[in-house]
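Asker: One file is attached below, query_7.pdb, containing PDB, C-alpha atoms and all ligand atoms.
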```pdb
MODEL        1
ATOM      1  CA  MET A 441     -24.193  42.012 -76.470  1.00  0.00           C
ATOM      2  CA  THR A 442     -20.823  41.509 -78.182  1.00  0.00           C
ATOM      3  CA  LYS A 443     -20.654  38.509 -80.424  1.00  0.00           C
ATOM      4  CA  HIS A 444     -17.578  36.320 -80.648  1.00  0.00           C
ATOM      5  CA  ILE A 445     -16.255  34.468 -83.658  1.00  0.00           C
ATOM      6  CA  LEU A 446     -16.002  30.850 -82.614  1.00  0.00           C
ATOM      7  CA  LYS A 447     -14.011  28.255 -84.498  1.00  0.00           C
ATOM      8  CA  MET A 448     -14.521  24.576 -83.760  1.00  0.00           C
ATOM      9  CA  THR A 449     -14.306  21.242 -85.517  1.00  0.00           C
ATOM     10  CA  VAL A 450     -17.637  19.454 -85.738  1.00  0.00           C
ATOM     11  CA  ASN A 451     -17.747  15.952 -87.223  1.00  0.00           C
ATOM     12  CA  GLY A 452     -14.372  16.511 -88.865  1.00  0.00           C
ATOM     13  CA  GLU A 453     -15.238  19.862 -90.474  1.00  0.00           C
ATOM     14  CA  THR A 454     -14.125  23.287 -89.333  1.00  0.00           C
ATOM     15  CA  HIS A 455     -17.001  25.635 -88.506  1.00  0.00           C
ATOM     16  CA  GLU A 456     -16.900  29.342 -87.780  1.00  0.00           C
ATOM     17  CA  VAL A 457     -19.914  30.926 -86.126  1.00  0.00           C
ATOM     18  CA  LEU A 458     -20.814  34.167 -84.413  1.00  0.00           C
ATOM     19  CA  ALA A 459     -22.223  33.676 -80.926  1.00  0.00           C
ATOM     20  CA  GLU A 460     -22.988  35.770 -77.893  1.00  0.00           C
ATOM     21  CA  PRO A 461     -21.356  34.747 -74.602  1.00  0.00           C
ATOM     22  CA  ARG A 462     -24.790  33.777 -73.216  1.00  0.00           C
ATOM     23  CA  GLU A 463     -25.560  31.246 -75.958  1.00  0.00           C
ATOM     24  CA  LEU A 464     -25.501  27.574 -75.026  1.00  0.00           C
ATOM     25  CA  LEU A 465     -23.570  25.129 -77.165  1.00  0.00           C
ATOM     26  CA  VAL A 466     -26.647  23.011 -77.912  1.00  0.00           C
ATOM     27  CA  TYR A 467     -28.434  25.994 -79.480  1.00  0.00           C
ATOM     28  CA  VAL A 468     -25.398  26.966 -81.536  1.00  0.00           C
ATOM     29  CA  LEU A 469     -25.019  23.374 -82.779  1.00  0.00           C
ATOM     30  CA  ARG A 470     -28.705  23.153 -83.666  1.00  0.00           C
ATOM     31  CA  GLU A 471     -29.562  26.629 -84.898  1.00  0.00           C
ATOM     32  CA  LYS A 472     -26.272  27.871 -86.359  1.00  0.00           C
ATOM     33  CA  MET A 473     -24.688  24.650 -87.605  1.00  0.00           C
ATOM     34  CA  GLY A 474     -27.780  22.621 -88.463  1.00  0.00           C
ATOM     35  CA  MET A 475     -26.880  19.700 -86.168  1.00  0.00           C
ATOM     36  CA  LYS A 476     -30.463  19.009 -85.121  1.00  0.00           C
ATOM     37  CA  GLY A 477     -29.627  15.589 -83.643  1.00  0.00           C
ATOM     38  CA  ALA A 478     -28.620  17.120 -80.312  1.00  0.00           C
ATOM     39  CA  HIS A 479     -32.037  17.563 -78.689  1.00  0.00           C
ATOM     40  CA  VAL A 480     -33.157  19.799 -75.854  1.00  0.00           C
ATOM     41  CA  GLY A 481     -35.142  17.646 -73.471  1.00  0.00           C
ATOM     42  CA  CYS A 482     -34.903  19.540 -70.211  1.00  0.00           C
ATOM     43  CA  ASP A 483     -32.431  22.461 -70.296  1.00  0.00           C
ATOM     44  CA  THR A 484     -31.514  21.618 -66.686  1.00  0.00           C
ATOM     45  CA  SER A 485     -28.705  19.078 -67.348  1.00  0.00           C
ATOM     46  CA  HIS A 486     -30.774  16.051 -66.312  1.00  0.00           C
ATOM     47  CA  CYS A 487     -31.939  14.216 -69.426  1.00  0.00           C
ATOM     48  CA  GLY A 488     -28.844  13.818 -71.639  1.00  0.00           C
ATOM     49  CA  ALA A 489     -30.784  14.320 -74.893  1.00  0.00           C
ATOM     50  CA  CYS A 490     -28.234  16.992 -75.826  1.00  0.00           C
ATOM     51  CA  THR A 491     -25.171  14.748 -75.315  1.00  0.00           C
ATOM     52  CA  VAL A 492     -22.266  15.184 -77.729  1.00  0.00           C
ATOM     53  CA  GLU A 493     -18.599  14.209 -77.589  1.00  0.00           C
ATOM     54  CA  ILE A 494     -16.131  17.007 -76.946  1.00  0.00           C
ATOM     55  CA  ASP A 495     -12.403  16.286 -77.053  1.00  0.00           C
ATOM     56  CA  GLY A 496     -13.016  12.652 -76.138  1.00  0.00           C
ATOM     57  CA  LYS A 497     -15.555  13.172 -73.376  1.00  0.00           C
ATOM     58  CA  SER A 498     -19.341  12.918 -73.253  1.00  0.00           C
ATOM     59  CA  VAL A 499     -20.766  16.364 -72.583  1.00  0.00           C
ATOM     60  CA  LYS A 500     -24.320  17.576 -72.125  1.00  0.00           C
ATOM     61  CA  SER A 501     -24.217  20.450 -74.557  1.00  0.00           C
ATOM     62  CA  CYS A 502     -26.921  22.387 -72.664  1.00  0.00           C
ATOM     63  CA  THR A 503     -24.511  22.718 -69.742  1.00  0.00           C
ATOM     64  CA  MET A 504     -21.856  24.565 -71.693  1.00  0.00           C
ATOM     65  CA  PHE A 505     -21.644  27.994 -73.270  1.00  0.00           C
ATOM     66  CA  ALA A 506     -20.669  27.854 -76.917  1.00  0.00           C
ATOM     67  CA  VAL A 507     -17.705  30.151 -76.231  1.00  0.00           C
ATOM     68  CA  GLN A 508     -16.289  27.445 -73.960  1.00  0.00           C
ATOM     69  CA  ALA A 509     -16.058  25.171 -76.992  1.00  0.00           C
ATOM     70  CA  GLN A 510     -13.689  27.518 -78.824  1.00  0.00           C
ATOM     71  CA  GLY A 511     -11.150  25.297 -80.645  1.00  0.00           C
ATOM     72  CA  ALA A 512     -12.828  22.065 -79.533  1.00  0.00           C
ATOM     73  CA  ASN A 513     -13.233  18.871 -81.503  1.00  0.00           C
ATOM     74  CA  ILE A 514     -16.897  17.878 -81.355  1.00  0.00           C
ATOM     75  CA  THR A 515     -18.720  14.784 -82.558  1.00  0.00           C
ATOM     76  CA  THR A 516     -22.505  14.786 -82.776  1.00  0.00           C
ATOM     77  CA  ILE A 517     -24.824  11.964 -83.828  1.00  0.00           C
ATOM     78  CA  GLU A 518     -24.565  13.276 -87.411  1.00  0.00           C
ATOM     79  CA  GLY A 519     -20.869  12.337 -87.317  1.00  0.00           C
ATOM     80  CA  LEU A 520     -21.446   8.715 -86.309  1.00  0.00           C
ATOM     81  CA  GLY A 521     -23.274   7.415 -89.352  1.00  0.00           C
ATOM     82  CA  SER A 522     -25.538   8.286 -92.241  1.00  0.00           C
ATOM     83  CA  PRO A 523     -28.899   6.984 -93.460  1.00  0.00           C
ATOM     84  CA  ASP A 524     -27.050   4.833 -96.019  1.00  0.00           C
ATOM     85  CA  GLY A 525     -24.291   3.766 -93.676  1.00  0.00           C
ATOM     86  CA  LEU A 526     -25.517   3.408 -90.130  1.00  0.00           C
ATOM     87  CA  HIS A 527     -22.982   3.153 -87.330  1.00  0.00           C
ATOM     88  CA  VAL A 528     -22.957  -0.271 -85.619  1.00  0.00           C
ATOM     89  CA  LEU A 529     -24.693   1.284 -82.615  1.00  0.00           C
ATOM     90  CA  GLN A 530     -27.399   2.859 -84.767  1.00  0.00           C
ATOM     91  CA  GLN A 531     -27.981  -0.445 -86.560  1.00  0.00           C
ATOM     92  CA  SER A 532     -28.119  -2.255 -83.234  1.00  0.00           C
ATOM     93  CA  PHE A 533     -30.658   0.189 -81.754  1.00  0.00           C
ATOM     94  CA  LYS A 534     -32.745  -0.390 -84.879  1.00  0.00           C
ATOM     95  CA  GLU A 535     -32.485  -4.192 -84.698  1.00  0.00           C
ATOM     96  CA  HIS A 536     -33.133  -4.441 -80.955  1.00  0.00           C
ATOM     97  CA  HIS A 537     -35.915  -1.846 -80.889  1.00  0.00           C
ATOM     98  CA  GLY A 538     -33.891   0.390 -78.610  1.00  0.00           C
ATOM     99  CA  LEU A 539     -36.164   3.350 -79.252  1.00  0.00           C
ATOM    100  CA  GLN A 540     -39.783   4.364 -79.306  1.00  0.00           C
ATOM    101  CA  CYS A 541     -40.240   8.116 -79.699  1.00  0.00           C
ATOM    102  CA  GLY A 542     -36.542   8.512 -80.480  1.00  0.00           C
ATOM    103  CA  TYR A 543     -36.131  11.824 -78.708  1.00  0.00           C
ATOM    104  CA  CYS A 544     -33.455  10.518 -76.335  1.00  0.00           C
ATOM    105  CA  THR A 545     -31.811   8.318 -78.973  1.00  0.00           C
ATOM    106  CA  PRO A 546     -29.128  10.600 -80.457  1.00  0.00           C
ATOM    107  CA  GLY A 547     -27.836  11.475 -76.984  1.00  0.00           C
ATOM    108  CA  MET A 548     -28.092   7.852 -75.900  1.00  0.00           C
ATOM    109  CA  ILE A 549     -26.129   6.586 -78.909  1.00  0.00           C
ATOM    110  CA  THR A 550     -23.535   9.344 -78.664  1.00  0.00           C
ATOM    111  CA  ARG A 551     -23.048   8.470 -74.983  1.00  0.00           C
ATOM    112  CA  ALA A 552     -22.902   4.735 -75.787  1.00  0.00           C
ATOM    113  CA  HIS A 553     -20.285   5.428 -78.453  1.00  0.00           C
ATOM    114  CA  ARG A 554     -18.033   7.087 -75.899  1.00  0.00           C
ATOM    115  CA  LEU A 555     -18.770   4.413 -73.311  1.00  0.00           C
ATOM    116  CA  LEU A 556     -17.592   1.661 -75.671  1.00  0.00           C
ATOM    117  CA  GLN A 557     -14.387   3.563 -76.323  1.00  0.00           C
ATOM    118  CA  GLU A 558     -13.757   3.843 -72.589  1.00  0.00           C
ATOM    119  CA  ASN A 559     -14.822   0.260 -71.915  1.00  0.00           C
ATOM    120  CA  PRO A 560     -15.013  -1.881 -75.065  1.00  0.00           C
ATOM    121  CA  ASN A 561     -16.378  -4.938 -73.276  1.00  0.00           C
ATOM    122  CA  PRO A 562     -18.808  -3.697 -70.627  1.00  0.00           C
ATOM    123  CA  THR A 563     -21.032  -5.831 -68.429  1.00  0.00           C
ATOM    124  CA  GLU A 564     -24.759  -5.134 -68.374  1.00  0.00           C
ATOM    125  CA  ALA A 565     -24.322  -3.319 -65.047  1.00  0.00           C
ATOM    126  CA  GLU A 566     -21.554  -1.175 -66.530  1.00  0.00           C
ATOM    127  CA  VAL A 567     -23.750  -0.260 -69.487  1.00  0.00           C
ATOM    128  CA  ARG A 568     -26.595   0.684 -67.157  1.00  0.00           C
ATOM    129  CA  PHE A 569     -24.247   2.817 -65.055  1.00  0.00           C
ATOM    130  CA  GLY A 570     -22.590   4.256 -68.166  1.00  0.00           C
ATOM    131  CA  ILE A 571     -25.866   5.584 -69.575  1.00  0.00           C
ATOM    132  CA  SER A 572     -27.303   6.653 -66.224  1.00  0.00           C
ATOM    133  CA  GLY A 573     -26.982  10.317 -67.222  1.00  0.00           C
ATOM    134  CA  ASN A 574     -29.317   9.758 -70.177  1.00  0.00           C
ATOM    135  CA  ILE A 575     -33.016   9.499 -69.493  1.00  0.00           C
ATOM    136  CA  CYS A 576     -35.409   7.612 -71.753  1.00  0.00           C
ATOM    137  CA  ARG A 577     -39.023   8.208 -70.893  1.00  0.00           C
ATOM    138  CA  CYS A 578     -40.551   5.463 -73.004  1.00  0.00           C
ATOM    139  CA  THR A 579     -38.493   2.305 -73.472  1.00  0.00           C
ATOM    140  CA  GLY A 580     -37.763   1.043 -69.965  1.00  0.00           C
ATOM    141  CA  TYR A 581     -34.088   0.721 -71.029  1.00  0.00           C
ATOM    142  CA  GLN A 582     -34.132  -3.078 -71.595  1.00  0.00           C
ATOM    143  CA  ASN A 583     -33.720  -2.874 -75.355  1.00  0.00           C
ATOM    144  CA  ILE A 584     -31.335   0.055 -75.165  1.00  0.00           C
ATOM    145  CA  VAL A 585     -29.021  -2.004 -72.949  1.00  0.00           C
ATOM    146  CA  LYS A 586     -29.404  -5.037 -75.245  1.00  0.00           C
ATOM    147  CA  ALA A 587     -28.557  -2.874 -78.257  1.00  0.00           C
ATOM    148  CA  ILE A 588     -25.404  -1.488 -76.658  1.00  0.00           C
ATOM    149  CA  LEU A 589     -24.196  -4.929 -75.516  1.00  0.00           C
ATOM    150  CA  SER A 590     -24.875  -6.358 -78.959  1.00  0.00           C
ATOM    151  CA  ALA A 591     -23.001  -3.496 -80.654  1.00  0.00           C
ATOM    152  CA  ALA A 592     -20.053  -4.030 -78.285  1.00  0.00           C
ATOM    153  CA  ALA A 593     -19.950  -7.737 -79.190  1.00  0.00           C
ATOM    154  CA  GLU A 594     -20.108  -6.915 -82.894  1.00  0.00           C
ATOM    155  CA  ILE A 595     -17.331  -4.323 -82.702  1.00  0.00           C
ATOM    156  CA  ASN A 596     -15.126  -6.710 -80.703  1.00  0.00           C
ATOM    157  CA  ALA A 597     -15.746  -9.570 -83.138  1.00  0.00           C
ATOM    158  CA  ALA A 598     -14.826  -7.323 -86.069  1.00  0.00           C
ATOM    159  CA  LYS A 599     -11.627  -6.272 -84.282  1.00  0.00           C
ATOM    160  CA  GLU A 600     -10.677  -9.907 -83.629  1.00  0.00           C
ATOM    161  CA  ALA A 601     -11.389 -10.885 -87.220  1.00  0.00           C
ATOM    162  CA  ALA A 602      -9.122  -8.079 -88.415  1.00  0.00           C
ATOM    163  CA  GLN A 603      -6.151  -9.307 -86.326  1.00  0.00           C
TER     164      GLN A 603
HETATM  165 FE1  LIG B   1     -29.282  18.861 -71.867  1.00  0.00          FE
HETATM  166 FE2  LIG B   1     -31.492  17.718 -70.943  1.00  0.00          FE
HETATM  167  S1  LIG B   1     -31.278  19.128 -72.580  1.00  0.00           S
HETATM  168  S2  LIG B   1     -29.431  17.430 -70.267  1.00  0.00           S
HETATM  169 FE1  LIG B   2     -38.607   8.055 -76.221  1.00  0.00          FE
HETATM  170 FE2  LIG B   2     -36.285   7.395 -75.264  1.00  0.00          FE
HETATM  171  S1  LIG B   2     -37.267   6.562 -76.992  1.00  0.00           S
HETATM  172  S2  LIG B   2     -37.511   9.046 -74.659  1.00  0.00           S
ENDMDL
END
```
Mind turning the file's structure into structure tokens?
Ligand code: FES
Ligand code: FES
Answerer:
Amino acid sequence: MTKHILKMTVNGETHEVLAEPRELLVYVLREKMGMKGAHVGCDTSHCGACTVEIDGKSVKSCTMFAVQAQGANITTIEGLGSPDGLHVLQQSFKEHHGLQCGYCTPGMITRAHRLLQENPNPTEAEVRFGISGNICRCTGYQNIVKAILSAAAEINAAKEAAQ
């Protein structure tokens, strides 16, 4: 099958990859760009483990062909923080025990990151609705929700302090 040269920006860096039209974005991110944080939990668009941000929207990267991301600006969990400099959301998940196995966590945090940009001061119900496309099979969600609310409060406090 003919391969296409795809150019996209991932976590602020331009990437060029060769991909067949049948290849899903999540596989191209993982296998051709080394972004292993986007996980494949179902391959049927239910679990959200593959969630990334594309041009300002949360997208399940198993629901999209890589060729559809030509020219897109993509943020994966690798673009949100680093082991030495965790993002506020990552730190909050750590502090509030918002994970057990961790398989859902990159997608959950990437979704939460977008959610807090859309709604910087969400209620608990809004957080629960906002992450309803992301399934966690082991935490029961309580600590995930706590972590997101705590991160929102921290981000808002930092914004106020900077004014
Ligand atoms: Fe994409 Fe489950 S792997 S939604
Ligand atoms: Fe295990 Fe969410 S922490 S699936």
Asker: Neighbours of ligand LIG 2 (chain B) within 6 Å, counting all atoms listed in the file, as a PyMOL selection string?
Answerer: chain A and resi 539-545+576-579
Asker: Go ahead and write the residues just picked, C-alpha atoms, as a CSV table (one decimal), in the coordinates of the input.
Answerer:
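Final output, out05.csv:
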```csv
chain,number,residue,atom,x,y,z
A,539,LEU,CA,-36.2,3.4,-79.3
A,540,GLN,CA,-39.8,4.4,-79.3
A,541,CYS,CA,-40.2,8.1,-79.7
A,542,GLY,CA,-36.5,8.5,-80.5
A,543,TYR,CA,-36.1,11.8,-78.7
A,544,CYS,CA,-33.5,10.5,-76.3
A,545,THR,CA,-31.8,8.3,-79.0
A,576,CYS,CA,-35.4,7.6,-71.8
A,577,ARG,CA,-39.0,8.2,-70.9
A,578,CYS,CA,-40.6,5.5,-73.0
A,579,THR,CA,-38.5,2.3,-73.5
```
Asker: Residues within 10 Å of range 516-533 of chain A, please, as an MDAnalysis selection string. Count all atoms listed in the file; anything in the same chain fewer than 3 positions from it doesn't count.
Answerer: chainID A and resid 450:453 469 474:478 490:494 536:539 545:553 556 583:592 594:595
Asker: Please dump the current selection as a PDB file, in the coordinates of the input; keep C-alpha atoms.
Answerer:
```pdb
ATOM      1  CA  VAL A 450     -17.637  19.454 -85.738  1.00  0.00           C
ATOM      2  CA  ASN A 451     -17.747  15.952 -87.223  1.00  0.00           C
ATOM      3  CA  GLY A 452     -14.372  16.511 -88.865  1.00  0.00           C
ATOM      4  CA  GLU A 453     -15.238  19.862 -90.474  1.00  0.00           C
ATOM      5  CA  LEU A 469     -25.019  23.374 -82.779  1.00  0.00           C
ATOM      6  CA  GLY A 474     -27.780  22.621 -88.463  1.00  0.00           C
ATOM      7  CA  MET A 475     -26.880  19.700 -86.168  1.00  0.00           C
ATOM      8  CA  LYS A 476     -30.463  19.009 -85.121  1.00  0.00           C
ATOM      9  CA  GLY A 477     -29.627  15.589 -83.643  1.00  0.00           C
ATOM     10  CA  ALA A 478     -28.620  17.120 -80.312  1.00  0.00           C
ATOM     11  CA  CYS A 490     -28.234  16.992 -75.826  1.00  0.00           C
ATOM     12  CA  THR A 491     -25.171  14.748 -75.315  1.00  0.00           C
ATOM     13  CA  VAL A 492     -22.266  15.184 -77.729  1.00  0.00           C
ATOM     14  CA  GLU A 493     -18.599  14.209 -77.589  1.00  0.00           C
ATOM     15  CA  ILE A 494     -16.131  17.007 -76.946  1.00  0.00           C
ATOM     16  CA  HIS A 536     -33.133  -4.441 -80.955  1.00  0.00           C
ATOM     17  CA  HIS A 537     -35.915  -1.846 -80.889  1.00  0.00           C
ATOM     18  CA  GLY A 538     -33.891   0.390 -78.610  1.00  0.00           C
ATOM     19  CA  LEU A 539     -36.164   3.350 -79.252  1.00  0.00           C
ATOM     20  CA  THR A 545     -31.811   8.318 -78.973  1.00  0.00           C
ATOM     21  CA  PRO A 546     -29.128  10.600 -80.457  1.00  0.00           C
ATOM     22  CA  GLY A 547     -27.836  11.475 -76.984  1.00  0.00           C
ATOM     23  CA  MET A 548     -28.092   7.852 -75.900  1.00  0.00           C
ATOM     24  CA  ILE A 549     -26.129   6.586 -78.909  1.00  0.00           C
ATOM     25  CA  THR A 550     -23.535   9.344 -78.664  1.00  0.00           C
ATOM     26  CA  ARG A 551     -23.048   8.470 -74.983  1.00  0.00           C
ATOM     27  CA  ALA A 552     -22.902   4.735 -75.787  1.00  0.00           C
ATOM     28  CA  HIS A 553     -20.285   5.428 -78.453  1.00  0.00           C
ATOM     29  CA  LEU A 556     -17.592   1.661 -75.671  1.00  0.00           C
ATOM     30  CA  ASN A 583     -33.720  -2.874 -75.355  1.00  0.00           C
ATOM     31  CA  ILE A 584     -31.335   0.055 -75.165  1.00  0.00           C
ATOM     32  CA  VAL A 585     -29.021  -2.004 -72.949  1.00  0.00           C
ATOM     33  CA  LYS A 586     -29.404  -5.037 -75.245  1.00  0.00           C
ATOM     34  CA  ALA A 587     -28.557  -2.874 -78.257  1.00  0.00           C
ATOM     35  CA  ILE A 588     -25.404  -1.488 -76.658  1.00  0.00           C
ATOM     36  CA  LEU A 589     -24.196  -4.929 -75.516  1.00  0.00           C
ATOM     37  CA  SER A 590     -24.875  -6.358 -78.959  1.00  0.00           C
ATOM     38  CA  ALA A 591     -23.001  -3.496 -80.654  1.00  0.00           C
ATOM     39  CA  ALA A 592     -20.053  -4.030 -78.285  1.00  0.00           C
ATOM     40  CA  GLU A 594     -20.108  -6.915 -82.894  1.00  0.00           C
ATOM     41  CA  ILE A 595     -17.331  -4.323 -82.702  1.00  0.00           C
TER      42      ILE A 595
END
```
Asker: If I take CA of Thr449 in chain A and CA of Leu555 in chain A, how far is one from the other in Å, to one decimal?
Answerer: 21.3 Å
Asker: List every residue of chain A that has an atom at most 6 Å from any atom of ligand LIG 1 (chain B), and for each one report the closest atom pair and its distance in Å to one decimal, counting only C-alpha atoms and all ligand atoms, with rows sorted by chain and then by increasing residue number, as JSON lines.
Answerer:
```
{"residue": "A:Val480", "atom": "CA", "partner": "B:LIG1", "partner_atom": "S1", "distance": 3.8}
{"residue": "A:Gly481", "atom": "CA", "partner": "B:LIG1", "partner_atom": "S1", "distance": 4.2}
{"residue": "A:Cys482", "atom": "CA", "partner": "B:LIG1", "partner_atom": "FE2", "distance": 3.9}
{"residue": "A:Asp483", "atom": "CA", "partner": "B:LIG1", "partner_atom": "S1", "distance": 4.2}
{"residue": "A:Thr484", "atom": "CA", "partner": "B:LIG1", "partner_atom": "FE2", "distance": 5.8}
{"residue": "A:Ser485", "atom": "CA", "partner": "B:LIG1", "partner_atom": "S2", "distance": 3.4}
{"residue": "A:His486", "atom": "CA", "partner": "B:LIG1", "partner_atom": "S2", "distance": 4.4}
{"residue": "A:Cys487", "atom": "CA", "partner": "B:LIG1", "partner_atom": "FE2", "distance": 3.8}
{"residue": "A:Gly488", "atom": "CA", "partner": "B:LIG1", "partner_atom": "S2", "distance": 3.9}
{"residue": "A:Ala489", "atom": "CA", "partner": "B:LIG1", "partner_atom": "FE2", "distance": 5.3}
{"residue": "A:Cys490", "atom": "CA", "partner": "B:LIG1", "partner_atom": "FE1", "distance": 4.5}
{"residue": "A:Lys500", "atom": "CA", "partner": "B:LIG1", "partner_atom": "FE1", "distance": 5.1}
{"residue": "A:Ser501", "atom": "CA", "partner": "B:LIG1", "partner_atom": "FE1", "distance": 6.0}
{"residue": "A:Cys502", "atom": "CA", "partner": "B:LIG1", "partner_atom": "FE1", "distance": 4.3}
```
Asker: Would you compute the distance between CA of Thr442 in chain A and CA of Ala512 in chain A? Give it in Å to one decimal.
Answerer: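 Atom-to-atom, CA of Thr442 in chain A and CA of Ala512 in chain A are spaced 21.1 Å apart.
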Asker: With only C-alpha atoms as the basis for distance, which of A:Thr503, A:Asn513, A:Glu600, A:Ser498 is at the shortest distance from Gly570 in chain A?
Answerer: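 Once distances to Gly570 in chain A are computed over only C-alpha atoms, the minimum belongs to A:Ser498.
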Asker: First collect every listed atom of range 514-529 of chain A; then fit an axis-aligned box around them, widen it by 4 Å on each side, and give centre and edge lengths in Å to one decimal, as lines of an AutoDock Vina configuration file.
Answerer:
```
center_x = -22.9
center_y = 8.8
center_z = -88.7
size_x = 20.0
size_y = 26.1
size_z = 22.7
```
Asker: Just say which residues the PyMOL selection byres (((chain A and resi 511) around 12) and not hetatm) picks in this file, as a list in words.
Answerer: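 When the PyMOL selection byres (((chain A and resi 511) around 12) and not hetatm) is applied, the selected residues are Ile445, Leu446, Lys447, Met448, Thr449, Val450, Glu453, Thr454, His455, Glu456, Val457, Ile494, Asp495, Ala506, Val507, Gln508, Ala509, Gln510, Ala512, Asn513 and Ile514 of chain A.
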Asker: Limited to C-alpha atoms, could you put the picked residues into a file as a short mmCIF file (atom, residue, chain, number, x, y, z; two decimals), in the frame of the given file?
Answerer:
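The result, written out as result.cif:
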```cif
data_model
loop_
_atom_site.label_atom_id
_atom_site.label_comp_id
_atom_site.auth_asym_id
_atom_site.auth_seq_id
_atom_site.Cartn_x
_atom_site.Cartn_y
_atom_site.Cartn_z
CA ILE A 445 -16.26 34.47 -83.66
CA LEU A 446 -16.00 30.85 -82.61
CA LYS A 447 -14.01 28.26 -84.50
CA MET A 448 -14.52 24.58 -83.76
CA THR A 449 -14.31 21.24 -85.52
CA VAL A 450 -17.64 19.45 -85.74
CA GLU A 453 -15.24 19.86 -90.47
CA THR A 454 -14.12 23.29 -89.33
CA HIS A 455 -17.00 25.64 -88.51
CA GLU A 456 -16.90 29.34 -87.78
CA VAL A 457 -19.91 30.93 -86.13
CA ILE A 494 -16.13 17.01 -76.95
CA ASP A 495 -12.40 16.29 -77.05
CA ALA A 506 -20.67 27.85 -76.92
CA VAL A 507 -17.70 30.15 -76.23
CA GLN A 508 -16.29 27.44 -73.96
CA ALA A 509 -16.06 25.17 -76.99
CA GLN A 510 -13.69 27.52 -78.82
CA ALA A 512 -12.83 22.06 -79.53
CA ASN A 513 -13.23 18.87 -81.50
CA ILE A 514 -16.90 17.88 -81.36
#
```
